[in-house]
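A.B. asks: After the C-alpha cells below, expect a handful of questions from me.
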Amino acid sequence: MRTTLLAISLISLGATSGYGIKRALAPGWSPSATTPAPKQDSPAPTAAPPNTHQWQIPENRPPSEIAVLPPGAMRTAETVLWLPNATPEELRAFWRQLVSSKSNDNRLKNLLLDRWMRIAPDDALKETAGTEDEYLPWVAWGKIDPELGVREAKARKSGYLWRVLQGAGWAQPELAKKLLAENPGYDYPAVTGAIGEGFQNVDWQTSLEYQFDSGQLAKWARYEPARAFEWALENTSRMGSYSSPWKGLVEEMLDQEPAKLDAAIAELPAGKLRSEITVEKARALAASDPAAVMAMADAAEPGGPRNRLLAIAGPALLESDPAKSLALLREFAGSGFTVVPVIYPNGSSSNGSSSYNTLQSWVLPLLKQDPAGVIDVLPRETQEQAMQSWRSSDRDGFVQWVSTLSDEAARDGHYSKLAQDYRMGSPTKESFSQAMEWTAKISNQDTRTGAAQDLMQAWYSLYREQTTQYFGPDGPAAADQKAEFQRFIESKGGRQ
C-alpha cells in the first residue's frame with residue numbers, strides 16, 4: 001500500500017508541475033516551506049478518494065513489461081517504483097522499447113534520463129546521439145549537476161550548453177542564475193523562463209523579482225493578497241506595459257481584502273496608476289454590482305478617467321437599466337466615443353481605440369433594444385460601423401427594423417448596404433439572387449439602378465464567367481436584371 005500511495009503522490013506532483021516528478025526523485029528534495037498549500041474552496045476529504053482500490057500495482061513486474069503498458073498514470077507510477085534499482089543495461093533496453101513504440105511521452109523519457117544520467121551519463125548520451133531526443137540528457141544533467149553539465153557541454157562541444165542551463169533553472173534556479181551570468185551568450189528566453197519557473201518553487205517574491213509574470217502575481221494574490229498588492233505597488237517598473245498585470249491581483253483584493261484595496265487606491269496620487277487600478281476594480285465589479293461602477297464613474301475626474309469607467313458601467317447596466325445605459329452612451333459618444341486613454345502601470349500612456357470592444361459589448365446589444373435611440377446618439381462616422389456589425393451579427397433583426405422605417409431614403413440606403421454585402425467572396429447562384437432581391441426592394445428607381453450596376457460591375461471585374469452565366473440569356477436571373485446587365489455590357493462598349 002505504501003508503494004502504491006507513493007506512486008500516486010509522485011504522479012500528482014507531475015500533474016501539477018512539468019518537472020514535479022523529476023524533482024521528487026532528486027536526493028534531498030523537499031517542498032519549500034515558503035510555498036503555500038493550494039487554496040481550497042472546501043475542507044479536504046478525510047476518506048480515501050474514489051477508486052483508490054483500483055491502483056493495485058504488481059510487485060516486481062519486469063521493466064520490459066512496464067515499457068509496453070499503455071501510456072498513462074499507471075505506466076508512470078510503475079516506472080517511478082522501478083527506477084531506483086534500474087541498471088544502465090535495463091535503462092537502455094527500456095529506452096529502446098519506448099522509442100520503437102514512437103512514444104511522445106516526454107515525462108517518462110525525462111524520468112528515465114534523470115536516473116540514467118546519474119549512473120551512466122556516457123551511455124545515455126551515446127544512446128540518444130543523433131536522435132530527436134539528443135537534447136534531453138543535457139537537460140537532465142543540468143538538473144542533477146549543473147556545474148559538471150556546463151563543463152562537459154563545453155568540453156564535448158555539444159551545442160547543448162543552453163539546455164544544461166535550462167535544466168538547472170528548473171531544479172536549482174539560484175545556481176543557474178550564477179552560471180548564466182558566467183555564460184551570458186546563452187541568455188535565451190527558454191533559459192531565463194526556466195529559471196523563473198524554478199524560483200516559483202522558492203517563493204513568490206523571489207520569482208517575481210527575477211522575472212515578472214502577471215499570472216504568477218495573481219497566484220500569489222490568491223494566498224496573500226495584501227502582500228502581493230503591496231509588492232506590486234512598490235515594483236510597478238518591473239511589471240511591463242503590454243497588458244494590465246493588475247487584473248487578477250485586484251480581483252483577489254476585492255474578494256478578500258476590499259477595505260485595504262479601497263484604502264490603497266485612496267492613498268495613491270491622482271494619475272495613471274490610480275486610474276489603472278480603479279478601472280480593474282470596476283471591471284471586477286461590473287457583473288455583480290453595476291451601480292457601484294456607476295458610483296465610481298460619478299466620483300472620477302471628467303474626461304479620460306470618467307470615460308474609461310463609463311465604458312464599463314454602460315454595458316453593465318444594459319439589462320437592469322437600458323435607459324440609463326443609453327444615457328451613458330450619449331455622454332460617452334459626446335466626449336469622443338472611440339478614443340479612451342490606455343494607462344500602463346509603468347507610467348506610460350497612449351490613446352488606444354476602444355471602438356471594437358465598445359461596439360460589441362455596448363452598442364450592439366443596445367441597438368437591438370432601442371435602435372432609433374442608439375443611432376440618434378452615435379457620431380456619423382460610427383453609425384455605419386455599428387450598422388455593419390448589426391447586419392453581420394443579427395441580420396434578421398436588422399432587416400425587421402429597416403422595414404419599419406418611414407424615411408424612404410434611409411430605408412433604401414440600408415437595402416443597398418444589404419445588397420453590397422455580397423460584393424466580395426466567391427459568388428454562387430444563391431448569393432447573386434439574394435443580392436439582387438435586396439436591390440429590388442429599393443424604392444427609388446435611380447438608386448435601385450445604381451445599386452444593381454455597382455454590383456454587376458464588381459462581380460464582372462472579379463468573376464466574369466460566373467456573372468455572365470447568371471445574367472446571360474440562359475441564366476436564372478429575372479428578366480429586368482438580365483436587361484440591366486445587358487445595359488451594363490453596352491455601357492462598356494458591348495464587350496464581354
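Chains: A, B, ... in order of the C-alpha cells. Residues: from 1 per chain. Ligands: from 1, in order shown.
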Write down as an MDAnalysis selection string the residues belonging to region 169-385 of chain A that are assigned strand (DSSP E or B) by DSSP computed on the backbone.
C.D. replies: chainID A and resid 339:343 349:353
A.B. asks: Interatomic distance between CA of Ala452 (chain A) and CA of Ile375 (chain A)?
C.D. replies: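 Computing the Euclidean distance for CA of Ala452 (chain A) and CA of Ile375 (chain A) yields 26.9 Å.
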A.B. asks: Determine which residues of region 142-269 of chain A receive a DSSP assignment of alpha helix (DSSP H), computed from the backbone, and state them as a PDB file with C-alpha atoms, in the first residue's frame.
C.D. replies:
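Result file is states_26.pdb:
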```
ATOM      1  CA  GLY A 142      21.524  20.433 -15.722  1.00  0.00           C
ATOM      2  CA  LYS A 143      19.052  19.310 -13.070  1.00  0.00           C
ATOM      3  CA  ILE A 144      21.405  16.785 -11.475  1.00  0.00           C
ATOM      4  CA  PRO A 146      24.673  21.901 -13.385  1.00  0.00           C
ATOM      5  CA  GLU A 147      28.337  22.807 -12.969  1.00  0.00           C
ATOM      6  CA  LEU A 148      29.529  19.447 -14.277  1.00  0.00           C
ATOM      7  CA  GLY A 149      26.971  19.635 -17.086  1.00  0.00           C
ATOM      8  CA  VAL A 150      28.262  23.046 -18.176  1.00  0.00           C
ATOM      9  CA  ARG A 151      31.886  21.838 -18.156  1.00  0.00           C
ATOM     10  CA  GLU A 152      31.030  18.721 -20.143  1.00  0.00           C
ATOM     11  CA  ALA A 153      28.885  20.607 -22.652  1.00  0.00           C
ATOM     12  CA  LYS A 154      31.827  22.919 -23.358  1.00  0.00           C
ATOM     13  CA  ALA A 155      34.428  20.164 -23.408  1.00  0.00           C
ATOM     14  CA  LEU A 161      25.017  24.162 -23.027  1.00  0.00           C
ATOM     15  CA  TRP A 162      21.818  26.188 -23.002  1.00  0.00           C
ATOM     16  CA  ARG A 163      19.851  23.011 -22.364  1.00  0.00           C
ATOM     17  CA  VAL A 164      22.022  22.337 -19.306  1.00  0.00           C
ATOM     18  CA  LEU A 165      21.236  25.851 -18.079  1.00  0.00           C
ATOM     19  CA  GLN A 166      17.549  25.253 -18.766  1.00  0.00           C
ATOM     20  CA  GLY A 167      17.521  22.089 -16.646  1.00  0.00           C
ATOM     21  CA  ALA A 168      19.466  23.857 -13.917  1.00  0.00           C
ATOM     22  CA  GLY A 169      16.940  26.675 -13.959  1.00  0.00           C
ATOM     23  CA  TRP A 170      14.102  24.301 -13.162  1.00  0.00           C
ATOM     24  CA  ALA A 171      15.919  22.416 -10.383  1.00  0.00           C
ATOM     25  CA  PRO A 173      17.499  28.374 -10.068  1.00  0.00           C
ATOM     26  CA  GLU A 174      19.980  30.291  -7.884  1.00  0.00           C
ATOM     27  CA  LEU A 175      22.905  28.272  -9.215  1.00  0.00           C
ATOM     28  CA  ALA A 176      21.520  28.501 -12.753  1.00  0.00           C
ATOM     29  CA  LYS A 177      21.378  32.286 -12.414  1.00  0.00           C
ATOM     30  CA  LYS A 178      25.072  32.303 -11.425  1.00  0.00           C
ATOM     31  CA  LEU A 179      26.046  30.006 -14.298  1.00  0.00           C
ATOM     32  CA  LEU A 180      24.103  32.122 -16.771  1.00  0.00           C
ATOM     33  CA  ALA A 181      25.981  35.214 -15.589  1.00  0.00           C
ATOM     34  CA  GLU A 182      29.196  33.318 -16.330  1.00  0.00           C
ATOM     35  CA  PRO A 189      14.167  33.200 -23.221  1.00  0.00           C
ATOM     36  CA  ALA A 190      13.913  29.425 -22.687  1.00  0.00           C
ATOM     37  CA  VAL A 191      16.721  29.615 -20.120  1.00  0.00           C
ATOM     38  CA  THR A 192      15.516  32.675 -18.227  1.00  0.00           C
ATOM     39  CA  GLY A 193      11.979  31.286 -18.350  1.00  0.00           C
ATOM     40  CA  ALA A 194      13.137  28.019 -16.753  1.00  0.00           C
ATOM     41  CA  ILE A 195      14.969  29.932 -14.025  1.00  0.00           C
ATOM     42  CA  GLY A 196      11.815  31.945 -13.408  1.00  0.00           C
ATOM     43  CA  GLU A 197       9.806  28.736 -13.108  1.00  0.00           C
ATOM     44  CA  GLY A 198      12.399  27.322 -10.737  1.00  0.00           C
ATOM     45  CA  PHE A 199      12.166  30.353  -8.486  1.00  0.00           C
ATOM     46  CA  TRP A 204       6.562  34.246  -4.884  1.00  0.00           C
ATOM     47  CA  GLN A 205       8.598  37.393  -4.343  1.00  0.00           C
ATOM     48  CA  THR A 206      11.924  35.897  -5.438  1.00  0.00           C
ATOM     49  CA  SER A 207      10.280  34.578  -8.576  1.00  0.00           C
ATOM     50  CA  LEU A 208       8.658  37.899  -9.480  1.00  0.00           C
ATOM     51  CA  GLU A 209      11.797  39.897  -8.810  1.00  0.00           C
ATOM     52  CA  TYR A 210      13.773  37.630 -11.109  1.00  0.00           C
ATOM     53  CA  SER A 214       1.306  38.592 -14.213  1.00  0.00           C
ATOM     54  CA  GLY A 215      -0.075  35.078 -13.803  1.00  0.00           C
ATOM     55  CA  GLN A 216       2.398  34.369 -11.014  1.00  0.00           C
ATOM     56  CA  LEU A 217       1.428  37.624  -9.305  1.00  0.00           C
ATOM     57  CA  ALA A 218      -2.243  36.613  -9.497  1.00  0.00           C
ATOM     58  CA  LYS A 219      -1.397  33.215  -7.962  1.00  0.00           C
ATOM     59  CA  TRP A 220       0.419  34.875  -5.080  1.00  0.00           C
ATOM     60  CA  ALA A 221      -2.605  37.100  -4.554  1.00  0.00           C
ATOM     61  CA  ARG A 222      -4.800  34.034  -4.019  1.00  0.00           C
ATOM     62  CA  TYR A 223      -2.852  33.229  -0.851  1.00  0.00           C
ATOM     63  CA  PRO A 225      -3.437  39.353  -1.476  1.00  0.00           C
ATOM     64  CA  ALA A 226      -2.302  42.225   0.737  1.00  0.00           C
ATOM     65  CA  ARG A 227       1.400  41.304   0.491  1.00  0.00           C
ATOM     66  CA  ALA A 228       1.172  40.745  -3.253  1.00  0.00           C
ATOM     67  CA  PHE A 229      -0.616  44.050  -3.762  1.00  0.00           C
ATOM     68  CA  GLU A 230       1.919  45.911  -1.613  1.00  0.00           C
ATOM     69  CA  TRP A 231       4.785  44.355  -3.584  1.00  0.00           C
ATOM     70  CA  ALA A 232       3.148  45.325  -6.887  1.00  0.00           C
ATOM     71  CA  LEU A 233       2.731  48.944  -5.810  1.00  0.00           C
ATOM     72  CA  GLU A 234       6.414  49.071  -4.889  1.00  0.00           C
ATOM     73  CA  TRP A 246      -3.462  44.279 -12.065  1.00  0.00           C
ATOM     74  CA  LYS A 247      -6.475  42.220 -13.158  1.00  0.00           C
ATOM     75  CA  GLY A 248      -6.061  39.065 -11.084  1.00  0.00           C
ATOM     76  CA  LEU A 249      -4.463  40.976  -8.249  1.00  0.00           C
ATOM     77  CA  VAL A 250      -7.321  43.454  -7.905  1.00  0.00           C
ATOM     78  CA  GLU A 251      -9.915  40.677  -8.204  1.00  0.00           C
ATOM     79  CA  GLU A 252      -8.360  38.832  -5.264  1.00  0.00           C
ATOM     80  CA  MET A 253      -8.057  42.014  -3.205  1.00  0.00           C
ATOM     81  CA  LEU A 254     -11.698  42.844  -3.900  1.00  0.00           C
ATOM     82  CA  ASP A 255     -12.708  39.349  -2.817  1.00  0.00           C
ATOM     83  CA  GLN A 256     -10.513  39.021   0.285  1.00  0.00           C
ATOM     84  CA  PRO A 258     -11.809  45.053  -0.094  1.00  0.00           C
ATOM     85  CA  ALA A 259     -11.195  47.644   2.644  1.00  0.00           C
ATOM     86  CA  LYS A 260      -7.432  47.503   2.115  1.00  0.00           C
ATOM     87  CA  LEU A 261      -7.917  47.844  -1.639  1.00  0.00           C
ATOM     88  CA  ASP A 262     -10.020  50.985  -1.216  1.00  0.00           C
ATOM     89  CA  ALA A 263      -7.541  52.422   1.287  1.00  0.00           C
ATOM     90  CA  ALA A 264      -4.623  51.776  -1.060  1.00  0.00           C
ATOM     91  CA  ILE A 265      -6.416  53.409  -4.010  1.00  0.00           C
ATOM     92  CA  ALA A 266      -7.291  56.417  -1.858  1.00  0.00           C
ATOM     93  CA  GLU A 267      -3.653  56.880  -0.869  1.00  0.00           C
TER      94      GLU A 267
END
```
A.B. asks: Could you state the separation of CA of Met424 (chain A) and CA of Pro379 (chain A) in Å, given to one decimal place?
C.D. replies: 27.3 Å
A.B. asks: Any idea what the distance is between CA of Ala440 (chain A) and CA of Gln481 (chain A)?
C.D. replies: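 Distance between the two atoms: 9.3 Å.
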A.B. asks: Considering only C-alpha atoms, state which residue in the set A:Glu384, A:Glu127, A:Asp474, A:Asp114 is at the smallest distance from Trp95 (chain A).
C.D. replies: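 Comparing A:Glu384, A:Glu127, A:Asp474, A:Asp114 against Trp95 (chain A), the winner is A:Glu127.
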A.B. asks: Name all residues at most 8 Å from region 360-363 of chain A (count only C-alpha atoms; drop same-chain ones fewer than 2 positions away) and give them as an MDAnalysis selection string.
C.D. replies: chainID A and resid 314:315 318 356:358 365:367 374 386
A.B. asks: Ranking A:Thr404, A:Trp459, A:Glu331, A:Pro63 by minimum distance to Gly425 (chain A) and counting only C-alpha atoms, which one comes first?
C.D. replies: A:Trp459
A.B. asks: Excluding Phe398 (chain A) and residues on its chain fewer than 2 positions from it, collect all residues at most 12 Å away from it, counting only C-alpha atoms, and give them as a VMD selection string.
C.D. replies: chain A and resid 364 367 to 372 386 to 396 400 to 405 411 414 to 415 417 to 418
A.B. asks: Once you have the residues from the selection above, write them out as a CSV table (one decimal), in the first residue's frame, restricted to N, CA and C atoms.
C.D. replies:
```csv
chain,number,residue,atom,x,y,z
A,364,LEU,N,-24.0,47.3,-29.8
A,364,LEU,CA,-24.8,46.3,-30.5
A,364,LEU,C,-25.9,45.7,-29.6
A,367,LEU,N,-28.4,48.5,-29.5
A,367,LEU,CA,-29.1,48.6,-30.8
A,367,LEU,C,-30.3,47.7,-30.9
A,368,LYS,N,-30.2,46.5,-30.4
A,368,LYS,CA,-31.3,45.6,-30.5
A,368,LYS,C,-32.5,46.0,-29.6
A,369,GLN,N,-32.2,46.7,-28.6
A,369,GLN,CA,-33.2,47.1,-27.7
A,369,GLN,C,-33.9,48.5,-28.1
A,370,ASP,N,-33.0,49.4,-28.6
A,370,ASP,CA,-33.5,50.7,-28.9
A,370,ASP,C,-32.7,51.3,-30.1
A,371,PRO,N,-32.9,50.7,-31.3
A,371,PRO,CA,-32.1,51.1,-32.4
A,371,PRO,C,-32.2,52.6,-32.7
A,372,ALA,N,-33.4,53.2,-32.7
A,372,ALA,CA,-33.6,54.6,-33.0
A,372,ALA,C,-32.8,55.4,-32.0
A,386,ALA,N,-21.4,50.6,-36.8
A,386,ALA,CA,-22.4,49.9,-35.9
A,386,ALA,C,-23.4,49.1,-36.7
A,387,MET,N,-23.9,49.7,-37.8
A,387,MET,CA,-24.9,49.1,-38.7
A,387,MET,C,-24.3,47.8,-39.3
A,388,GLN,N,-23.0,47.9,-39.8
A,388,GLN,CA,-22.4,46.8,-40.4
A,388,GLN,C,-22.3,45.6,-39.4
A,389,SER,N,-21.9,45.9,-38.2
A,389,SER,CA,-21.8,44.9,-37.2
A,389,SER,C,-23.2,44.3,-36.9
A,390,TRP,N,-24.2,45.1,-36.8
A,390,TRP,CA,-25.5,44.6,-36.6
A,390,TRP,C,-26.0,43.7,-37.7
A,391,ARG,N,-25.7,44.2,-38.9
A,391,ARG,CA,-26.1,43.3,-40.1
A,391,ARG,C,-25.5,42.0,-40.0
A,392,SER,N,-24.2,42.0,-39.6
A,392,SER,CA,-23.5,40.7,-39.5
A,392,SER,C,-23.9,39.8,-38.4
A,393,SER,N,-24.2,40.4,-37.3
A,393,SER,CA,-24.5,39.6,-36.1
A,393,SER,C,-26.0,39.2,-35.9
A,394,ASP,N,-26.9,40.1,-36.5
A,394,ASP,CA,-28.3,39.8,-36.3
A,394,ASP,C,-29.0,40.3,-37.5
A,395,ARG,N,-28.8,39.7,-38.7
A,395,ARG,CA,-29.3,40.1,-39.9
A,395,ARG,C,-30.9,40.2,-39.9
A,396,ASP,N,-31.5,39.2,-39.4
A,396,ASP,CA,-33.0,39.2,-39.3
A,396,ASP,C,-33.5,40.4,-38.5
A,400,GLN,N,-35.7,43.5,-40.0
A,400,GLN,CA,-37.0,43.8,-39.4
A,400,GLN,C,-37.1,45.3,-39.1
A,401,TRP,N,-36.0,45.8,-38.5
A,401,TRP,CA,-36.0,47.2,-38.1
A,401,TRP,C,-36.1,48.1,-39.4
A,402,VAL,N,-35.3,47.7,-40.4
A,402,VAL,CA,-35.3,48.5,-41.6
A,402,VAL,C,-36.7,48.6,-42.2
A,403,SER,N,-37.4,47.5,-42.2
A,403,SER,CA,-38.7,47.5,-42.8
A,403,SER,C,-39.7,48.5,-42.1
A,404,THR,N,-39.4,48.9,-40.8
A,404,THR,CA,-40.3,49.8,-40.1
A,404,THR,C,-40.0,51.2,-40.4
A,405,LEU,N,-38.9,51.5,-41.1
A,405,LEU,CA,-38.5,52.9,-41.3
A,405,LEU,C,-39.5,53.6,-42.2
A,411,ARG,N,-34.4,54.0,-45.7
A,411,ARG,CA,-34.7,52.6,-45.9
A,411,ARG,C,-33.9,52.1,-47.2
A,414,HIS,N,-30.3,51.4,-46.5
A,414,HIS,CA,-30.0,50.2,-45.8
A,414,HIS,C,-30.1,49.0,-46.7
A,415,TYR,N,-31.2,49.0,-47.6
A,415,TYR,CA,-31.3,47.9,-48.6
A,415,TYR,C,-30.1,47.8,-49.5
A,417,LYS,N,-27.1,48.7,-48.7
A,417,LYS,CA,-26.0,48.1,-48.0
A,417,LYS,C,-26.1,46.6,-47.8
A,418,LEU,N,-27.3,46.1,-47.6
A,418,LEU,CA,-27.6,44.7,-47.5
A,418,LEU,C,-27.2,44.0,-48.8
```
A.B. asks: Within 12 Å of Ser288 (chain A), counting only C-alpha atoms, which residues show up once you throw out same-chain ones fewer than 6 positions away? Write them as a PDB file with C-alpha atoms, in the first residue's frame, please.
C.D. replies:
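Below you can see part17.pdb, which holds the result:
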```pdb
ATOM      1  CA  LYS A 281     -11.726  47.261  -9.772  1.00  0.00           C
ATOM      2  CA  ALA A 282     -14.644  48.480 -11.904  1.00  0.00           C
ATOM      3  CA  ALA A 313     -20.702  50.901 -16.449  1.00  0.00           C
ATOM      4  CA  ALA A 316     -23.056  46.507 -17.140  1.00  0.00           C
ATOM      5  CA  LEU A 317     -26.381  48.403 -16.991  1.00  0.00           C
ATOM      6  CA  SER A 320     -31.065  46.247 -15.441  1.00  0.00           C
TER       7      SER A 320
END
```
A.B. asks: Using only C-alpha atoms, can you tell me which of A:Ile119, A:Ala77, A:Leu285, A:Leu125 comes closest to Arg156 (chain A)?
C.D. replies: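 For Arg156 (chain A), the nearest of the given residues is A:Leu125.
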